[in-house]
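Here the structure comes first, spelled out in structure tokens, and everything after it is commentary.
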Amino acid sequence: MTKFDAQPSSRLSLTRRHFLGAAVAVGAAGALPVSAFAQAQPQAATATLNPGIAQAIADHFSSIKSMKGGFLQIGPRGDQMSGAFFIQRPGKMRFNYDPPSRMRVICDGNNVQVINDQTQTRNMYQLSKTPLSLLLANKIDLSADMVRNVDSQPDLTKITLGNRTVFGDSTITMIFDSKSYDLRQWTVIDPQGKTTDVIINNVKTNVAFDDSVFRIDYTR
């Protein structure tokens, strides 16, 4: 049975955890369940706030129309899950989790579906109600009120985003290569203060996908 909902139910903790990693995997603001991005906290006085760098990185990421790779997701208790991700602009994404997890997250441009074969559930979210709508667009626009902190170092640049309208009570910190602007990993802190880290690897860009990769079965 497929359930449509703009916000995930509080009882879907496992689904939330997988969606949390998948949503933010999309890059410059994402990862992220739909509303599980924790409230931004004041940054240290030594941090460098530079939204211009954040937008330059977002422009670089949005110029990549398709990509795929692997990921390692580390949960709040140190539990680890891995898998493969696929992205195609505008609006399409897929996350396949490796066994023993039996989860998949698919975005077809209109909706996001979280599939759990173990519990035989399929939960649906409107793409427009999630941060993925920002990240999977052809153009990513990071307004100044969304960028809470930018800490640029010679090797890595960390960008912390927080927007209650889009993210709810959570923040996401993304780590990019300072020279190539390539996304390396991200950290999401949920409203309970729990942290989820996602590290991506073996990334290939501008690849071609079959339409079936991002197809949602609405008949089930």
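By order in the structure tokens, chains are A, B, ...; within a chain, residues start at 1; ligands start at 1, following the order shown.
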Spatial neighbours of Asn202 in chain A, 9 Å, only C-alpha atoms, chain gap at least 4 places, as an NGL selection string: :A and (68-71)
Generate the output file for the selected residues, all heavy atoms, as a CSV table (one decimal), in the first residue's frame.
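What landed in part.csv:
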```csv
chain,number,residue,atom,x,y,z
A,68,LYS,N,26.3,9.6,-10.7
A,68,LYS,CA,26.0,8.4,-9.9
A,68,LYS,C,27.3,8.1,-9.1
A,68,LYS,O,28.4,8.6,-9.4
A,68,LYS,CB,25.7,7.3,-10.8
A,68,LYS,CG,26.9,6.8,-11.7
A,68,LYS,CD,26.4,5.6,-12.6
A,68,LYS,CE,27.6,5.1,-13.4
A,68,LYS,NZ,27.2,3.9,-14.2
A,69,GLY,N,27.1,7.3,-8.1
A,69,GLY,CA,28.2,6.9,-7.3
A,69,GLY,C,27.8,6.1,-6.1
A,69,GLY,O,26.7,5.6,-6.0
A,70,GLY,N,28.7,5.8,-5.2
A,70,GLY,CA,28.4,5.1,-4.0
A,70,GLY,C,28.3,6.0,-2.8
A,70,GLY,O,28.8,7.1,-2.8
A,71,PHE,N,27.8,5.5,-1.7
A,71,PHE,CA,27.7,6.3,-0.4
A,71,PHE,C,27.8,5.3,0.8
A,71,PHE,O,27.5,4.2,0.7
A,71,PHE,CB,26.4,7.0,-0.4
A,71,PHE,CG,25.2,6.2,-0.2
A,71,PHE,CD1,24.7,5.8,1.1
A,71,PHE,CD2,24.4,5.8,-1.3
A,71,PHE,CE1,23.6,5.1,1.2
A,71,PHE,CE2,23.3,5.0,-1.1
A,71,PHE,CZ,22.9,4.6,0.1
```
Can you list, as an NGL selection string, every protein, DNA or RNA residue that comes within 8 Å of Arg102 in chain A when you count only C-alpha atoms, leaving out same-chain residues fewer than 5 positions away? :A and (97 or 115-118)
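Nearest residue to Gly162 in chain A, choosing from A:Gln120, A:Ser82, A:Ser180, A:Asn149 and counting only C-alpha atoms: A:Asn149.
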Residues flagged strand (DSSP E) by DSSP in range 53-220 of chain A, as a ChimeraX atom specification: /A:66-74,80-88,92-97,103-108,111-116,121-126,147-152,156-161,171-177,183-189,195-205
What separation in Å, quoted to one decimal, exists between CA of Ser133 in chain A and CA of Gly78 in chain A?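 Calculated distance between CA of Ser133 in chain A and CA of Gly78 in chain A is 29.1 Å.
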Compile the contact shell of Leu161 in chain A as number ranges by chain: residues with an atom at most 6 Å away, counting only C-alpha atoms, same-chain residues fewer than 5 positions apart removed. A: 146-148, 171-172
Which neighbours of Asp59 in chain A fall inside 10 Å, counting only C-alpha atoms, when residues of the same chain fewer than 5 positions from it are skipped, and could you give them as number ranges by chain? A: 28, 53-54, 64, 138-142, 181
